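One file, protein00.cif, is given below (mmCIF, C-alpha atoms).
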```
data_upload
loop_
_atom_site.label_atom_id
_atom_site.label_comp_id
_atom_site.auth_asym_id
_atom_site.auth_seq_id
_atom_site.Cartn_x
_atom_site.Cartn_y
_atom_site.Cartn_z
CA MET F 24 -40.94 -21.05 -43.30
CA ASN F 25 -44.07 -20.60 -45.42
CA ASN F 26 -43.79 -16.82 -45.44
CA GLN F 27 -40.44 -16.71 -47.25
CA ILE F 28 -40.34 -14.59 -50.40
CA ASP F 29 -38.82 -15.79 -53.66
CA ALA F 30 -36.65 -12.81 -54.74
CA SER F 31 -36.39 -14.06 -58.33
CA LYS F 32 -40.12 -13.46 -58.86
CA LEU F 33 -40.08 -9.91 -57.51
CA ASN F 34 -40.20 -6.79 -59.58
CA GLN F 35 -40.86 -3.18 -58.70
CA SER F 36 -44.56 -3.37 -59.46
CA ASN F 37 -44.87 -6.14 -56.86
CA ILE F 38 -43.26 -3.87 -54.30
CA TYR F 39 -44.53 -0.37 -55.04
CA GLU F 40 -47.91 -0.66 -56.77
CA GLY F 41 -49.96 -2.14 -53.97
CA GLY F 42 -47.85 -5.23 -54.33
CA THR F 43 -47.36 -8.47 -52.52
CA LEU F 44 -44.72 -7.41 -49.99
CA SER F 45 -46.29 -4.40 -48.38
CA PRO F 46 -48.40 -1.96 -50.32
CA ILE F 47 -47.28 1.67 -50.48
CA SER F 48 -49.90 4.32 -50.95
CA ALA F 49 -49.70 8.09 -51.39
CA ASP F 50 -50.87 8.51 -47.79
CA ASP F 51 -47.87 6.46 -46.62
CA LEU F 52 -45.55 8.80 -48.50
CA LYS F 53 -47.21 11.96 -47.21
CA ASP F 54 -44.78 13.70 -44.81
CA ASN F 55 -42.40 10.71 -45.02
CA ILE F 56 -39.17 12.27 -46.26
CA VAL F 57 -37.15 9.04 -46.04
CA ALA F 58 -39.58 7.10 -48.24
CA ILE F 59 -39.76 9.93 -50.78
CA ARG F 60 -35.97 10.15 -50.96
CA GLN F 61 -35.78 6.39 -51.38
CA LEU F 62 -38.21 6.51 -54.31
CA ILE F 63 -36.31 9.42 -55.90
CA ASN F 64 -32.99 7.61 -55.49
CA ASN F 65 -34.49 4.46 -56.97
CA HIS F 66 -35.79 6.48 -59.90
CA LEU F 67 -32.37 8.07 -60.48
CA LEU F 68 -30.72 4.63 -60.39
CA LEU F 69 -33.15 3.38 -63.01
CA ILE F 70 -32.40 6.39 -65.22
CA SER F 71 -28.65 5.80 -64.99
CA GLU F 72 -29.12 2.09 -65.73
CA ASP F 73 -31.27 3.00 -68.73
CA ARG F 74 -28.55 5.33 -70.04
CA ARG F 75 -25.93 2.63 -69.60
CA LYS F 76 -28.07 0.14 -71.51
CA GLU F 77 -28.68 2.66 -74.31
CA LEU F 78 -24.92 3.14 -74.68
CA GLU F 79 -24.42 -0.61 -74.71
CA ILE F 80 -27.10 -1.00 -77.41
CA GLN F 81 -25.41 1.74 -79.44
CA ASP F 82 -22.09 -0.07 -79.12
CA TYR F 83 -23.68 -3.33 -80.28
CA LYS F 84 -25.29 -1.58 -83.25
CA SER F 85 -21.91 -0.11 -84.15
CA THR F 86 -20.31 -3.57 -83.96
CA ILE F 87 -23.03 -5.03 -86.18
CA GLU F 88 -22.51 -2.19 -88.68
CA TYR F 89 -18.78 -2.96 -88.69
CA LEU F 90 -19.39 -6.67 -89.28
CA ASN F 91 -21.80 -5.88 -92.11
CA THR F 92 -19.47 -3.45 -93.89
CA SER F 93 -16.08 -5.09 -93.33
CA PRO F 94 -16.45 -7.51 -96.30
CA PHE F 95 -17.18 -4.53 -98.56
CA ILE F 96 -14.08 -2.72 -97.26
CA SER F 97 -12.02 -5.86 -97.83
CA ILE F 98 -13.20 -6.09 -101.45
CA ILE F 99 -12.32 -2.45 -102.08
CA ALA F 100 -8.93 -2.97 -100.41
CA ALA F 101 -8.26 -5.98 -102.64
CA ILE F 102 -9.12 -3.99 -105.77
CA ILE F 103 -6.87 -1.10 -104.67
CA SER F 104 -4.00 -3.48 -103.84
CA PHE F 105 -4.40 -5.30 -107.16
CA SER F 106 -4.34 -2.00 -109.06
CA GLY F 107 -1.27 -0.92 -107.11
CA SER F 108 0.51 -4.18 -107.88
CA ILE F 109 -0.15 -3.75 -111.58
CA LEU F 110 1.23 -0.20 -111.45
CA ILE F 111 4.32 -1.39 -109.58
CA GLY F 112 4.91 -4.06 -112.22
CA PHE F 113 4.43 -1.54 -114.99
CA GLY F 114 6.74 0.95 -113.24
CA VAL F 115 9.48 -1.69 -112.79
CA ASN F 116 9.13 -2.70 -116.44
CA LEU F 117 9.56 0.92 -117.50
CA TYR F 118 12.45 1.44 -115.10
CA ILE F 119 14.54 -1.42 -116.50
CA GLN F 120 14.39 0.00 -120.02
CA ASN F 121 17.57 1.61 -121.22
CA PRO F 122 17.31 4.61 -120.64
CA PRO F 123 14.37 4.58 -118.23
CA PRO F 124 11.63 7.15 -118.87
CA SER F 125 11.52 10.01 -116.37
CA TYR F 126 7.99 9.17 -115.29
CA SER F 127 8.72 5.51 -114.38
CA TRP F 128 9.43 6.30 -110.73
CA ILE F 129 6.10 8.19 -110.47
CA ILE F 130 4.18 5.13 -111.68
CA PHE F 131 6.19 2.93 -109.31
CA LEU F 132 5.49 5.33 -106.40
CA LEU F 133 1.74 5.51 -107.19
CA GLY F 134 1.57 1.71 -107.22
CA GLY F 135 3.33 1.54 -103.85
CA ILE F 136 0.94 4.10 -102.37
CA LEU F 137 -2.06 2.12 -103.66
CA VAL F 138 -0.76 -1.15 -102.22
CA LEU F 139 -0.05 0.51 -98.87
CA THR F 140 -3.52 2.12 -98.85
CA GLY F 141 -5.19 -1.20 -99.63
CA ALA F 142 -3.28 -2.96 -96.85
CA LEU F 143 -3.89 -0.23 -94.26
CA SER F 144 -7.60 0.15 -95.06
CA ASN F 145 -8.41 -3.21 -93.46
CA ILE F 146 -6.25 -2.46 -90.45
CA LEU F 147 -7.43 1.10 -89.86
CA TYR F 148 -11.12 0.63 -90.70
CA PRO F 149 -12.21 -0.20 -87.11
CA TYR F 150 -10.49 2.93 -85.79
CA ALA F 151 -11.99 5.10 -88.52
CA ARG F 152 -15.42 3.62 -87.79
CA LYS F 153 -15.12 4.48 -84.10
CA TRP F 154 -13.92 7.96 -84.93
CA PHE F 155 -16.83 8.62 -87.32
CA ASN F 156 -19.39 7.11 -84.93
CA ASN F 157 -18.15 9.18 -81.98
CA LYS F 158 -18.33 12.30 -84.12
CA ASN F 159 -21.96 11.55 -85.07
CA THR F 160 -23.13 10.94 -81.49
CA ARG F 161 -21.98 14.28 -80.11
#
```
Before we go any further, please render this structure as structure tokens.
Amino acid sequence: MNNQIDASKLNQSNIYEGGTLSPISADDLKDNIVAIRQLINNHLLLISEDRRKELEIQDYKSTIEYLNTSPFISIIAAIISFSGSILIGFGVNLYIQNPPPSYSWIIFLLGGILVLTGALSNILYPYARKWFNNKNTR
């Protein structure tokens, strides 16, 4: 029972670089196709794991960027919605005059578009962020 190995303390340097389990030298690999393939496969697995971690880090950076910029987008959306509400009020005030000016519906429509844009900017910002980030990584 004394010769049991604690797997939590193992890493690849303990195994491959003259390590504690059984040292592997270049002479052991010479003409040993199975061992060479095993080392190549292990290397390829590490490369794919590294790529996966890089993508995960990129996703986390994108999330952090979203969290940092979302208050700014919310402030802009509030300003746009406020401006749109003022235009709607002004358009309604013009429309109830007798006779209403011909441009009152244009002011009312512009205000409605601004309010809709302000409301949708908060909702659509995460999708726009993903779209722009995917375009930049290609």
| task | Choose the residue, out of F:Ala58, F:Leu143, F:Ile63, F:Ile111, that has the smallest atom-to-atom separation from Ser97 (chain F); count all atoms listed in the file. | result |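 Comparing F:Ala58, F:Leu143, F:Ile63, F:Ile111 against Ser97 (chain F), the winner is F:Leu143.
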Take every atom of region 52-63 of chain F listed in the file, pad by 6 Å on each side, and give me the axis-aligned box centre and edge lengths in Å, one decimal, as AutoDock Vina command-line options.
```
--center_x -41.5 --center_y 10.0 --center_z -50.4 --size_x 23.4 --size_y 19.3 --size_z 23.1
```
Evaluate the PyMOL selection byres ((chain F and resi 106) around 12) here and jot the selected residues down as a short mmCIF file (atom, residue, chain, number, x, y, z; two decimals) with C-alpha atoms, keeping the file's coordinate frame.
```
data_model
loop_
_atom_site.label_atom_id
_atom_site.label_comp_id
_atom_site.auth_asym_id
_atom_site.auth_seq_id
_atom_site.Cartn_x
_atom_site.Cartn_y
_atom_site.Cartn_z
CA ILE F 99 -12.32 -2.45 -102.08
CA ALA F 100 -8.93 -2.97 -100.41
CA ALA F 101 -8.26 -5.98 -102.64
CA ILE F 102 -9.12 -3.99 -105.77
CA ILE F 103 -6.87 -1.10 -104.67
CA SER F 104 -4.00 -3.48 -103.84
CA PHE F 105 -4.40 -5.30 -107.16
CA GLY F 107 -1.27 -0.92 -107.11
CA SER F 108 0.51 -4.18 -107.88
CA ILE F 109 -0.15 -3.75 -111.58
CA LEU F 110 1.23 -0.20 -111.45
CA ILE F 111 4.32 -1.39 -109.58
CA GLY F 112 4.91 -4.06 -112.22
CA PHE F 113 4.43 -1.54 -114.99
CA ILE F 130 4.18 5.13 -111.68
CA PHE F 131 6.19 2.93 -109.31
CA LEU F 133 1.74 5.51 -107.19
CA GLY F 134 1.57 1.71 -107.22
CA GLY F 135 3.33 1.54 -103.85
CA ILE F 136 0.94 4.10 -102.37
CA LEU F 137 -2.06 2.12 -103.66
CA VAL F 138 -0.76 -1.15 -102.22
CA LEU F 139 -0.05 0.51 -98.87
CA THR F 140 -3.52 2.12 -98.85
CA GLY F 141 -5.19 -1.20 -99.63
#
```
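Note that CA of Ala142 (chain F) and CA of Ile129 (chain F) are 19.9 Å apart.
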| remark: Between CA of Glu79 (chain F) and CA of Tyr148 (chain F) lies a distance of 20.8 Å
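Coordinates place CA of Arg75 (chain F) at a distance of 24.4 Å from CA of Asn91 (chain F).
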As a compact mmCIF listing (two decimals), in the frame of the given file, the rebuilt region 47-69 of chain F with N, CA and C atoms:
```
# COMPACT_ATOMS: atom_id res chain seq x y z
N ILE F 47 -47.64 0.28 -50.79
CA ILE F 47 -47.28 1.67 -50.48
C ILE F 47 -48.31 2.54 -51.16
N SER F 48 -48.91 3.41 -50.40
CA SER F 48 -49.90 4.32 -50.95
C SER F 48 -49.38 5.75 -50.83
N ALA F 49 -50.08 6.68 -51.46
CA ALA F 49 -49.70 8.09 -51.39
C ALA F 49 -49.81 8.60 -49.96
N ASP F 50 -50.75 8.08 -49.20
CA ASP F 50 -50.87 8.51 -47.79
C ASP F 50 -49.66 8.08 -46.97
N ASP F 51 -49.08 6.91 -47.33
CA ASP F 51 -47.87 6.46 -46.62
C ASP F 51 -46.69 7.38 -46.93
N LEU F 52 -46.65 7.94 -48.11
CA LEU F 52 -45.55 8.80 -48.50
C LEU F 52 -45.72 10.23 -47.98
N LYS F 53 -46.94 10.60 -47.67
CA LYS F 53 -47.21 11.96 -47.21
C LYS F 53 -46.44 12.23 -45.92
N ASP F 54 -45.62 13.26 -45.93
CA ASP F 54 -44.78 13.70 -44.81
C ASP F 54 -43.74 12.64 -44.41
N ASN F 55 -43.42 11.72 -45.30
CA ASN F 55 -42.40 10.71 -45.02
C ASN F 55 -41.20 10.98 -45.93
N ILE F 56 -40.31 11.82 -45.47
CA ILE F 56 -39.17 12.27 -46.26
C ILE F 56 -38.27 11.10 -46.66
N VAL F 57 -38.05 10.17 -45.76
CA VAL F 57 -37.15 9.04 -46.04
C VAL F 57 -37.70 8.20 -47.19
N ALA F 58 -38.98 7.90 -47.18
CA ALA F 58 -39.58 7.10 -48.24
C ALA F 58 -39.55 7.84 -49.57
N ILE F 59 -39.79 9.14 -49.55
CA ILE F 59 -39.76 9.93 -50.78
C ILE F 59 -38.35 9.96 -51.35
N ARG F 60 -37.36 10.15 -50.49
CA ARG F 60 -35.97 10.15 -50.96
C ARG F 60 -35.59 8.78 -51.54
N GLN F 61 -36.08 7.72 -50.89
CA GLN F 61 -35.78 6.39 -51.38
C GLN F 61 -36.38 6.18 -52.78
N LEU F 62 -37.59 6.64 -52.99
CA LEU F 62 -38.21 6.51 -54.31
C LEU F 62 -37.48 7.36 -55.35
N ILE F 63 -37.05 8.57 -54.97
CA ILE F 63 -36.31 9.42 -55.90
C ILE F 63 -34.97 8.78 -56.24
N ASN F 64 -34.27 8.27 -55.24
CA ASN F 64 -32.99 7.61 -55.49
C ASN F 64 -33.17 6.38 -56.39
N ASN F 65 -34.22 5.63 -56.14
CA ASN F 65 -34.49 4.46 -56.97
C ASN F 65 -34.76 4.89 -58.41
N HIS F 66 -35.51 5.95 -58.56
CA HIS F 66 -35.79 6.48 -59.90
C HIS F 66 -34.51 6.93 -60.60
N LEU F 67 -33.64 7.62 -59.90
CA LEU F 67 -32.37 8.07 -60.48
C LEU F 67 -31.48 6.89 -60.85
N LEU F 68 -31.48 5.83 -60.04
CA LEU F 68 -30.72 4.63 -60.39
C LEU F 68 -31.25 3.98 -61.66
N LEU F 69 -32.56 3.95 -61.80
CA LEU F 69 -33.15 3.38 -63.01
C LEU F 69 -32.81 4.21 -64.24
```
